[in-house]
Every structure is written in structure tokens, then in C-alpha cells.
>>> print(open('entry.cif').read())   # mmCIF, C-alpha atoms
data_input
#
loop_
_atom_site.label_atom_id
_atom_site.label_comp_id
_atom_site.auth_asym_id
_atom_site.auth_seq_id
_atom_site.Cartn_x
_atom_site.Cartn_y
_atom_site.Cartn_z
CA MET A 4 14.01 -21.70 22.17
CA ASN A 5 17.29 -19.82 22.30
CA PHE A 6 16.73 -16.63 24.32
CA THR A 7 19.57 -15.19 26.40
CA LEU A 8 19.83 -13.92 29.95
CA HIS A 9 20.59 -10.48 28.56
CA GLN A 10 17.36 -10.49 26.57
CA LEU A 11 15.42 -11.42 29.70
CA LYS A 12 17.07 -8.63 31.68
CA VAL A 13 16.29 -6.07 28.97
CA PHE A 14 12.69 -7.30 28.81
CA MET A 15 12.31 -6.97 32.59
CA ILE A 16 13.55 -3.37 32.57
CA VAL A 17 11.16 -2.54 29.71
CA VAL A 18 8.27 -4.04 31.68
CA GLU A 19 9.19 -2.15 34.85
CA ASN A 20 9.40 1.16 33.00
CA GLU A 21 6.60 0.45 30.49
CA SER A 22 8.80 2.29 28.02
CA VAL A 23 11.64 1.42 25.67
CA THR A 24 13.01 4.95 26.03
CA LYS A 25 13.15 4.85 29.84
CA ALA A 26 14.54 1.31 29.76
CA SER A 27 17.34 2.39 27.42
CA GLU A 28 18.28 5.19 29.83
CA GLU A 29 18.36 2.82 32.81
CA LEU A 30 20.36 0.21 30.89
CA HIS A 31 22.69 2.81 29.32
CA MET A 32 21.83 1.41 25.89
CA THR A 33 20.50 3.10 22.77
CA GLN A 34 16.79 2.80 22.03
CA PRO A 35 17.43 0.78 18.83
CA ALA A 36 19.62 -1.66 20.79
CA VAL A 37 16.85 -2.20 23.38
CA SER A 38 14.29 -2.62 20.60
CA ILE A 39 16.47 -5.25 18.89
CA GLN A 40 16.82 -7.25 22.11
CA LEU A 41 13.07 -7.05 22.64
CA LYS A 42 12.40 -8.11 19.05
CA ASN A 43 14.80 -11.07 19.30
CA LEU A 44 13.13 -12.25 22.50
CA GLN A 45 9.68 -11.89 20.95
CA ALA A 46 10.81 -14.02 18.01
CA GLN A 47 11.07 -16.99 20.40
CA PHE A 48 7.31 -16.92 21.08
CA ASP A 49 4.19 -16.93 18.91
CA ILE A 50 2.25 -15.00 21.59
CA ALA A 51 2.75 -11.24 21.90
CA LEU A 52 4.74 -9.99 24.90
CA THR A 53 3.87 -6.34 24.37
CA GLU A 54 1.50 -4.20 22.37
CA VAL A 55 1.41 -0.52 21.48
CA VAL A 56 -1.87 1.39 21.75
CA GLY A 57 -1.88 5.09 21.01
CA ARG A 58 1.92 5.25 21.22
CA LYS A 59 1.85 3.74 24.72
CA LEU A 60 3.54 0.42 25.41
CA TYR A 61 1.45 -2.19 27.23
CA ILE A 62 2.57 -5.57 28.55
CA THR A 63 0.28 -8.46 27.66
CA ASP A 64 -0.86 -11.07 30.18
CA PHE A 65 1.64 -13.50 28.66
CA GLY A 66 4.34 -10.83 28.93
CA GLN A 67 3.54 -10.38 32.62
CA GLU A 68 3.86 -14.15 33.16
CA LEU A 69 7.20 -14.20 31.37
CA TYR A 70 8.35 -11.26 33.51
CA GLN A 71 7.70 -13.25 36.69
CA ILE A 72 9.56 -16.28 35.34
CA ALA A 73 12.48 -14.13 34.12
CA ASN A 74 12.70 -12.50 37.53
CA ARG A 75 13.06 -15.90 39.21
CA ILE A 76 15.61 -17.08 36.64
CA LEU A 77 17.85 -14.02 37.02
CA LYS A 78 17.68 -14.23 40.81
CA GLU A 79 18.82 -17.86 40.66
CA VAL A 80 21.67 -16.94 38.31
CA ALA A 81 22.75 -14.16 40.68
CA SER A 82 22.59 -16.65 43.56
CA ILE A 83 24.92 -19.01 41.69
CA ASN A 84 27.42 -16.19 41.18
CA TYR A 85 27.22 -15.15 44.85
CA GLN A 86 27.66 -18.72 46.10
CA THR A 87 30.68 -19.17 43.82
CA GLN A 88 32.33 -16.12 45.39
CA ASN A 89 31.39 -17.27 48.90
CA PHE A 90 33.03 -20.65 48.35
CA ARG A 91 36.16 -18.79 47.32
CA GLY A 92 36.13 -17.14 50.74
CA MET A 93 34.88 -13.76 49.52
CA LEU A 94 31.74 -12.18 51.02
CA SER A 95 29.29 -11.91 48.16
CA GLY A 96 25.61 -11.14 47.74
CA ARG A 97 23.18 -8.25 47.55
CA LEU A 98 22.60 -5.54 50.15
CA LYS A 99 19.21 -3.82 49.86
CA ILE A 100 18.54 -0.53 51.62
CA SER A 101 15.66 1.94 51.38
CA VAL A 102 16.51 5.53 52.27
CA ALA A 103 14.32 8.53 53.05
CA SER A 104 15.10 11.21 50.47
CA THR A 105 17.29 13.49 52.61
CA GLY A 106 19.14 10.36 53.71
CA LYS A 107 20.92 10.34 50.36
CA TYR A 108 23.26 12.87 51.95
CA VAL A 109 24.01 10.34 54.72
CA MET A 110 23.98 6.73 53.61
CA PRO A 111 26.81 6.78 51.02
CA TYR A 112 29.34 7.71 53.70
CA TYR A 113 28.32 4.73 55.83
CA LEU A 114 28.48 2.40 52.83
CA LYS A 115 31.80 3.49 51.35
CA GLY A 116 34.21 1.60 53.62
CA PHE A 117 32.07 -1.54 53.68
CA LEU A 118 31.77 -1.76 49.90
CA GLN A 119 35.47 -1.02 49.42
CA ALA A 120 36.32 -3.90 51.76
CA ASN A 121 33.81 -6.20 50.04
CA PRO A 122 33.89 -5.47 46.29
CA ASN A 123 31.77 -8.52 45.40
CA ILE A 124 28.68 -7.14 47.11
CA ASP A 125 25.97 -5.62 44.92
CA LEU A 126 24.15 -2.64 46.43
CA LEU A 127 20.52 -1.81 45.73
CA MET A 128 19.60 1.49 47.38
CA ASP A 129 16.15 2.99 46.83
CA VAL A 130 15.82 6.69 47.70
CA THR A 131 12.20 7.72 48.24
CA ASN A 132 9.88 9.27 50.84
CA LYS A 133 9.31 7.94 54.34
CA THR A 134 6.01 6.21 53.56
CA LYS A 135 7.52 4.12 50.76
CA VAL A 136 10.65 3.43 52.80
CA ILE A 137 8.59 1.97 55.65
CA LYS A 138 6.39 0.05 53.22
CA SER A 139 9.41 -1.67 51.66
CA LEU A 140 10.67 -2.58 55.14
CA GLN A 141 7.27 -3.86 56.24
CA HIS A 142 7.03 -6.09 53.15
CA ASN A 143 10.51 -7.47 53.84
CA GLU A 144 11.78 -6.15 50.50
CA VAL A 145 14.95 -4.64 51.99
CA ASP A 146 17.56 -5.50 54.62
CA PHE A 147 17.64 -2.05 56.23
CA SER A 148 15.98 1.35 56.05
CA LEU A 149 17.36 4.77 56.90
CA VAL A 150 14.81 7.12 58.49
CA SER A 151 14.69 10.12 60.80
CA VAL A 152 11.13 9.46 62.04
CA LEU A 153 10.53 6.01 63.47
CA PRO A 154 7.54 3.96 62.27
CA GLU A 155 4.95 3.47 64.99
CA THR A 156 3.51 0.16 63.81
CA LEU A 157 6.57 -2.02 63.16
CA ASP A 158 8.60 -4.07 65.60
CA ILE A 159 12.10 -2.89 64.76
CA GLU A 160 15.65 -2.59 66.00
CA GLN A 161 17.87 0.40 65.31
CA GLU A 162 21.29 1.97 65.26
CA ILE A 163 21.42 5.76 65.65
CA LEU A 164 23.95 7.20 63.18
CA LEU A 165 23.85 10.99 63.56
CA PRO A 166 21.58 13.93 64.44
CA ASN A 167 19.24 15.44 61.87
CA LYS A 168 18.94 19.18 62.53
CA LEU A 169 16.22 21.14 60.73
CA PHE A 170 16.37 24.94 60.41
CA LEU A 171 14.10 27.62 58.96
CA THR A 172 15.74 28.73 55.70
CA SER A 173 15.34 31.36 53.03
CA ALA A 174 17.09 32.57 49.92
CA ALA A 175 20.30 34.36 50.88
CA ARG A 176 19.13 37.58 49.26
CA SER A 177 15.86 37.76 51.24
CA ASP A 178 15.71 40.83 53.49
CA ILE A 179 13.64 39.25 56.26
CA GLU A 180 15.04 39.93 59.72
CA ILE A 181 14.01 37.55 62.48
CA LEU A 182 16.09 37.73 65.61
CA LYS A 183 14.99 34.92 67.89
CA GLN A 184 11.36 35.99 67.78
CA SER A 185 8.74 33.64 69.21
CA SER A 186 7.97 30.91 66.72
CA LYS A 187 4.28 31.77 66.56
CA ALA A 188 4.92 35.39 65.60
CA VAL A 189 7.43 34.40 62.93
CA PHE A 190 5.15 31.96 61.13
CA ASP A 191 2.00 34.10 61.12
CA ASN A 192 2.47 35.38 57.56
CA LEU A 193 5.51 33.47 56.31
CA PRO A 194 4.91 31.70 52.96
CA LEU A 195 6.07 28.14 53.54
CA ILE A 196 7.23 25.41 51.18
CA TYR A 197 6.19 21.93 52.32
CA ARG A 198 7.27 18.42 51.39
CA GLU A 199 4.62 16.01 50.15
CA GLU A 200 2.49 13.74 52.36
CA GLY A 201 4.59 10.81 53.53
CA SER A 202 7.80 12.80 53.97
CA GLY A 203 9.62 12.49 57.28
CA THR A 204 10.53 16.20 57.17
CA ARG A 205 6.87 17.08 56.75
CA VAL A 206 5.90 14.90 59.71
CA THR A 207 8.50 16.65 61.88
CA MET A 208 7.28 20.09 60.75
CA GLN A 209 3.65 19.23 61.40
CA ARG A 210 4.42 17.96 64.89
CA TYR A 211 6.29 21.19 65.63
CA PHE A 212 3.48 23.44 64.37
CA GLN A 213 0.83 21.44 66.21
CA LYS A 214 2.74 21.60 69.49
CA ALA A 215 3.28 25.37 69.09
CA ASN A 216 -0.37 25.98 68.08
CA ILE A 217 0.75 27.43 64.74
CA VAL A 218 -1.36 27.37 61.59
CA PRO A 219 1.25 27.36 58.81
CA ASN A 220 0.79 29.42 55.65
CA VAL A 221 1.56 26.71 53.08
CA LYS A 222 2.19 28.14 49.60
CA LEU A 223 3.91 25.25 47.82
CA GLU A 224 4.06 21.47 48.20
CA LEU A 225 6.97 19.70 46.49
CA THR A 226 7.95 16.06 46.19
CA SER A 227 11.67 16.06 46.98
CA SER A 228 14.17 17.76 49.27
CA GLU A 229 16.09 18.93 46.19
CA ALA A 230 12.97 20.59 44.76
CA VAL A 231 12.33 22.35 48.07
CA LYS A 232 15.92 23.57 48.17
CA GLN A 233 15.73 24.96 44.64
CA ALA A 234 12.42 26.69 45.37
CA VAL A 235 13.87 28.33 48.48
CA MET A 236 16.93 29.54 46.52
CA ALA A 237 14.62 30.97 43.85
CA GLY A 238 12.84 33.03 46.50
CA LEU A 239 9.50 31.24 46.20
CA GLY A 240 9.14 30.91 49.94
CA PHE A 241 10.66 29.64 53.18
CA SER A 242 11.05 26.10 54.42
CA ILE A 243 12.34 24.06 57.33
CA GLN A 244 15.19 21.98 55.90
CA SER A 245 17.76 19.51 57.13
CA ILE A 246 21.20 21.06 57.54
CA LEU A 247 22.57 18.06 55.62
CA SER A 248 20.74 19.00 52.45
CA ILE A 249 21.90 22.64 52.40
CA LYS A 250 25.57 22.32 53.37
CA ASN A 251 26.95 23.49 50.01
CA GLU A 252 24.32 26.20 49.56
CA LEU A 253 25.25 27.69 52.93
CA LYS A 254 28.92 27.76 51.94
CA LEU A 255 28.08 29.37 48.60
CA LYS A 256 25.75 31.84 50.36
CA GLU A 257 22.76 30.83 48.26
CA ILE A 258 20.64 29.93 51.29
CA LYS A 259 20.67 31.34 54.80
CA ILE A 260 19.38 30.11 58.13
CA ILE A 261 16.75 32.25 59.84
CA PRO A 262 17.26 32.07 63.65
CA VAL A 263 13.95 31.37 65.37
CA LYS A 264 13.25 30.48 68.98
CA GLY A 265 12.44 26.78 69.21
CA LEU A 266 14.59 25.83 66.22
CA PRO A 267 16.45 23.82 65.11
CA LEU A 268 14.22 20.79 65.32
CA VAL A 269 16.38 17.78 66.10
CA GLU A 270 15.69 14.18 65.11
CA ASN A 271 18.19 11.36 64.57
CA TRP A 272 19.08 9.46 61.44
CA ARG A 273 18.55 5.81 62.28
CA LEU A 274 19.36 2.59 60.48
CA ILE A 275 16.42 0.30 61.22
CA TRP A 276 15.49 -3.31 60.48
CA LEU A 277 12.72 -5.71 61.37
CA LYS A 278 13.33 -7.39 64.71
CA GLN A 279 12.31 -10.79 63.31
CA LYS A 280 14.36 -10.33 60.11
CA LYS A 281 16.38 -13.38 59.08
CA MET A 282 19.50 -11.58 57.92
CA SER A 283 21.70 -12.70 55.07
CA GLU A 284 25.44 -13.00 55.68
CA VAL A 285 25.91 -9.74 53.81
CA ALA A 286 23.37 -7.93 56.00
CA LYS A 287 24.97 -9.34 59.16
CA ALA A 288 28.40 -8.18 58.01
CA PHE A 289 27.11 -4.69 57.21
CA LEU A 290 25.49 -4.33 60.63
CA ILE A 291 28.74 -5.34 62.33
CA PHE A 292 30.58 -2.78 60.19
CA ILE A 293 28.11 -0.04 61.17
CA LYS A 294 28.39 -0.78 64.88
CA GLN A 295 32.19 -0.76 64.73
CA ASN A 296 32.66 2.25 62.45
CA LYS A 297 29.69 4.61 62.81
CA ASP A 298 31.46 6.94 65.26
CA ALA A 299 34.51 7.23 63.01
CA VAL A 300 32.35 7.89 59.94
CA TYR A 301 30.48 10.62 61.82
CA LYS A 302 33.64 12.34 63.04
CA LYS A 303 35.21 12.28 59.59
CA ASN A 304 32.21 13.40 57.54
CA PHE A 305 29.58 15.01 59.77
CA ALA A 306 31.26 16.69 62.76
CA TRP A 307 30.65 20.05 61.02
CA ILE A 308 26.97 19.73 61.97
CA GLU A 309 27.91 20.64 65.54
CA ASP A 310 28.78 24.18 64.37
CA TYR A 311 25.06 24.86 63.73
CA ASN A 312 22.76 25.31 66.71
#
>>> encode(input="entry.cif", output="C-alpha cells")
Amino acid sequence: MNFTLHQLKVFMIVVENESVTKASEELHMTQPAVSIQLKNLQAQFDIALTEVVGRKLYITDFGQELYQIANRILKEVASINYQTQNFRGMLSGRLKISVASTGKYVMPYYLKGFLQANPNIDLLMDVTNKTKVIKSLQHNEVDFSLVSVLPETLDIEQEILLPNKLFLTSAARSDIEILKQSSKAVFDNLPLIYREEGSGTRVTMQRYFQKANIVPNVKLELTSSEAVKQAVMAGLGFSIQSILSIKNELKLKEIKIIPVKGLPLVENWRLIWLKQKKMSEVAKAFLIFIKQNKDAVYKKNFAWIEDYN
């Protein structure tokens, strides 16, 4: 057999996407190039790795077995490369972080200086909803998670990075006038746009409405903070959004904040990790960097938040 590491990597991405087209996009390769690599790998075996049924690509049982083996091989190869760099005195390895969706406006600023100082570190950052973020942490699949609502069932440690302020928002052209009315009166007939189940923003909104004895008028449910923002700008309804996600839209006067008594809701963005986590050297170094630099990062990039109350 004479397969290559590149062929194994391409095969793994195809398996994970169950699509040559999606794999080519992720790999930044053309579809024919991915197909050639897949064909060359298949030529090494007399048992099918994949099959196409009704234009859908399926991975055979043998293909699934090869995927698991390829995954172990490529991890070992990466480990060799990291250890080589470490013996040269350079911090090297992989840093894995899961981030709640609105946290994509936060985490890059806390990573920038660390990655610039340690160019041999590979970053894997998964941006998803709170439920999946906590699940990846619980299963020990990541080093850290960034959340605004703490998990209730995990034994964790944390570093608070910055406040997460959530305001009632509308399209800038909406003619609604709410001047510090009671929250219950405001929300009686207001068409609201909600995040999906599992979102930290949704949890915060639900807690607020429950505490205020408000029955929200939910008109739309969307699966990302970006989708909610676009729906608000289009005038499809109102939503409670993090100030971090609408910074540019406020400047461009595409979204406006509706002042309501009891708002903003304030949580904190927190970097969390399992208390019993056996940290890699890379993870230890990142945590030290965060503790030493988080205040400076906040002042440089997020002090503007204090202008909104």
C-alpha cells in the first residue's frame, strides 16, 4: 500500500461532511481534485470506502473503520511535529476552544496576542450554541469554553473577561416610542424574535420574562445571532440582543436600542474549564496569558461598552 497522509486527510474531511462538494470548500480544493485524492486512496483497497445512493454519498462500514485509524495516524503525526518544536524551545501544540455564538465577537481579541507570541500553536475554535459548547466541555473535547450563562451541572473554574449587556432592539426606521415604560407593558404586544433552544441569550431572556411575569409574543425563532440581527434590521420584529453583536449596526444607524425599564440585562462573558482538567502546556500558557492580559484587552477593545446603560 502506498497511500499518503494528504489522501487520509482528504478522506477524513469527506467523511465528516458526507459530501465531496462540502469537503472541497473546507479544504479550499476543487471538487475534481478532492475526487482524485479519494479515488487514489480507494485504489489501495479492494473493499469500498464509500458508495453513492440516489446522489447521496454514504460511508461504508470499512470506510468508517479507516476513518478512525486515519484520525489516530494524523493525530500522532501532529504530535511528532509539536514535540519537535517543543524540543527546539518553542511552545507548540493545539489549543481547542468552544465558543457560544455571540462569543465570536469576543474571543478573537483575547487570542490575538497569545497566537502572535506563539506562532507554532494551532487553534481549533468551534462557534456554536450554548448547549453544544457545554457538551464539548463535558466530554473533554476542548481545553476551554466561552459562555455567558454558566452550566449548572459541571464542576468548573472560570475567568470573567467582560460584561455581556443585552438590550431590546428594533430596526432603526421603526416608529415605536417606548420611554422607560414598565417592562410588562412594553412586551404585551411586541412581536419578538427568539434564538433557538440551547442558546445562552434565549436562556437569559426566558429568565427575565419569567421573573417579570411576562408572556412573550414570539413571532420568529432563528438559529444564530447573525440571523436575529438581520431579521431585526429587516423589520420582522424586535429582539433582545447583546451589545457586542450590534456595535457596527448602531454606528451605521441600522438598528436602535429601545430603552425599557429593567434593561439592559447583564451577564458576564466567562472563560471556563473543567476543574479536574489535565491541561496541556499550551492550555496552561494560554490561561496564564489571559490572567495577565485580560484587563488590557478589555480596555483596548471593549471599553466602549460602558457608554451603553
>>> closest_residue(input="entry.cif", among="A:Phe65, A:Asn296, A:Phe170, A:Thr204", to="A:Val263", atoms="only C-alpha atoms")
A:Phe170
>>> resolve_selection(input="entry.cif", expression="the PyMOL selection byres ((chain A and resi 266) around 9)", output="ChimeraX atom specification")
/A:168-171,186,262-265,267-269,312
>>> atom_distance(input="entry.cif", atom1="atom CA of A:Glu199", atom2="atom CA of A:Phe241")
15.2 Å
>>> closest_residue(input="entry.cif", among="A:Lys214, A:Arg176, A:Arg97, A:Lys107", to="A:Thr131", atoms="all atoms listed in the file")
A:Lys107
>>> closest_atom_pairs(input="entry.cif", of="stretch 42-89 of chain A", to="stretch 17-20 of chain A", cutoff="12 Å", atoms="all atoms listed in the file", output="tab-separated table")
residue	atom	partner	partner_atom	distance
A:Leu52	CA	A:Val18	CA	9.7
A:Thr53	CA	A:Val18	CA	8.8
A:Glu54	CA	A:Val18	CA	11.5
A:Lys59	CA	A:Asn20	CA	11.5
A:Leu60	CA	A:Val18	CA	9.0
A:Tyr61	CA	A:Val18	CA	8.4
A:Ile62	CA	A:Val18	CA	6.7
A:Thr63	CA	A:Val18	CA	10.0
A:Asp64	CA	A:Val18	CA	11.6
A:Phe65	CA	A:Val18	CA	11.9
A:Gly66	CA	A:Val18	CA	8.3
A:Gln67	CA	A:Val18	CA	8.0
A:Glu68	CA	A:Val18	CA	11.1
A:Leu69	CA	A:Val18	CA	10.2
A:Tyr70	CA	A:Val18	CA	7.4
A:Gln71	CA	A:Val18	CA	10.5
A:Ala73	CA	A:Val18	CA	11.2
A:Asn74	CA	A:Val18	CA	11.2
>>> write_last_selection(input="entry.cif", atoms="C-alpha atoms", output="short mmCIF file (atom, residue, chain, number, x, y, z; two decimals), in the frame of the given file")
data_model
loop_
_atom_site.label_atom_id
_atom_site.label_comp_id
_atom_site.auth_asym_id
_atom_site.auth_seq_id
_atom_site.Cartn_x
_atom_site.Cartn_y
_atom_site.Cartn_z
CA LEU A 52 4.74 -9.99 24.90
CA THR A 53 3.87 -6.34 24.37
CA GLU A 54 1.50 -4.20 22.37
CA LYS A 59 1.85 3.74 24.72
CA LEU A 60 3.54 0.42 25.41
CA TYR A 61 1.45 -2.19 27.23
CA ILE A 62 2.57 -5.57 28.55
CA THR A 63 0.28 -8.46 27.66
CA ASP A 64 -0.86 -11.07 30.18
CA PHE A 65 1.64 -13.50 28.66
CA GLY A 66 4.34 -10.83 28.93
CA GLN A 67 3.54 -10.38 32.62
CA GLU A 68 3.86 -14.15 33.16
CA LEU A 69 7.20 -14.20 31.37
CA TYR A 70 8.35 -11.26 33.51
CA GLN A 71 7.70 -13.25 36.69
CA ALA A 73 12.48 -14.13 34.12
CA ASN A 74 12.70 -12.50 37.53
#
>>> residues_around(input="entry.cif", residues="A:Lys280", least_positions_apart="6", cutoff="12 Å", atoms="all atoms listed in the file", output="PyMOL selection string")
chain A and resi 140-147+157-160+286-287
>>> residues_around(input="entry.cif", residues="A:Asn251", least_positions_apart="6", cutoff="12 Å", atoms="only C-alpha atoms", output="PyMOL selection string")
chain A and resi 108+232+257-259
>>> atom_distance(input="entry.cif", atom1="atom CA of A:Val231", atom2="atom CA of A:Glu309")
23.5 Å
>>> closest_residue(input="entry.cif", among="A:Arg58, A:Val189, A:Lys42, A:Leu164", to="A:Tyr112", atoms="all atoms listed in the file")
A:Leu164
>>> residues_around(input="entry.cif", residues="A:Glu162", least_positions_apart="3", cutoff="8 Å", atoms="only C-alpha atoms", output="compact mmCIF listing (two decimals) with C-alpha atoms, in the coordinates of the input")
# COMPACT_ATOMS: atom_id res chain seq x y z
CA ARG A 273 18.55 5.81 62.28
CA LEU A 274 19.36 2.59 60.48
CA ILE A 275 16.42 0.30 61.22
CA LYS A 294 28.39 -0.78 64.88
>>> residues_near_point(input="entry.cif", point="(2.4, 23.3, 49.8)", cutoff="8 Å", atoms="all atoms listed in the file", output="VMD selection string")
chain A and resid 195 to 199 221 to 225
>>> resolve_selection(input="entry.cif", expression="the PyMOL selection byres ((chain A and resi 26) around 12)", output="list in words")
Lys12, Val13, Phe14, Met15, Ile16, Val17, Val18, Glu19, Asn20, Glu21, Ser22, Val23, Thr24, Lys25, Ser27, Glu28, Glu29, Leu30, His31, Met32, Thr33, Gln34, Pro35, Ala36, Val37, Ser38, Gln40, Leu41 and Leu60 of chain A
>>> atom_distance(input="entry.cif", atom1="atom CA of A:Ser139", atom2="atom CA of A:Lys99")
10.2 Å
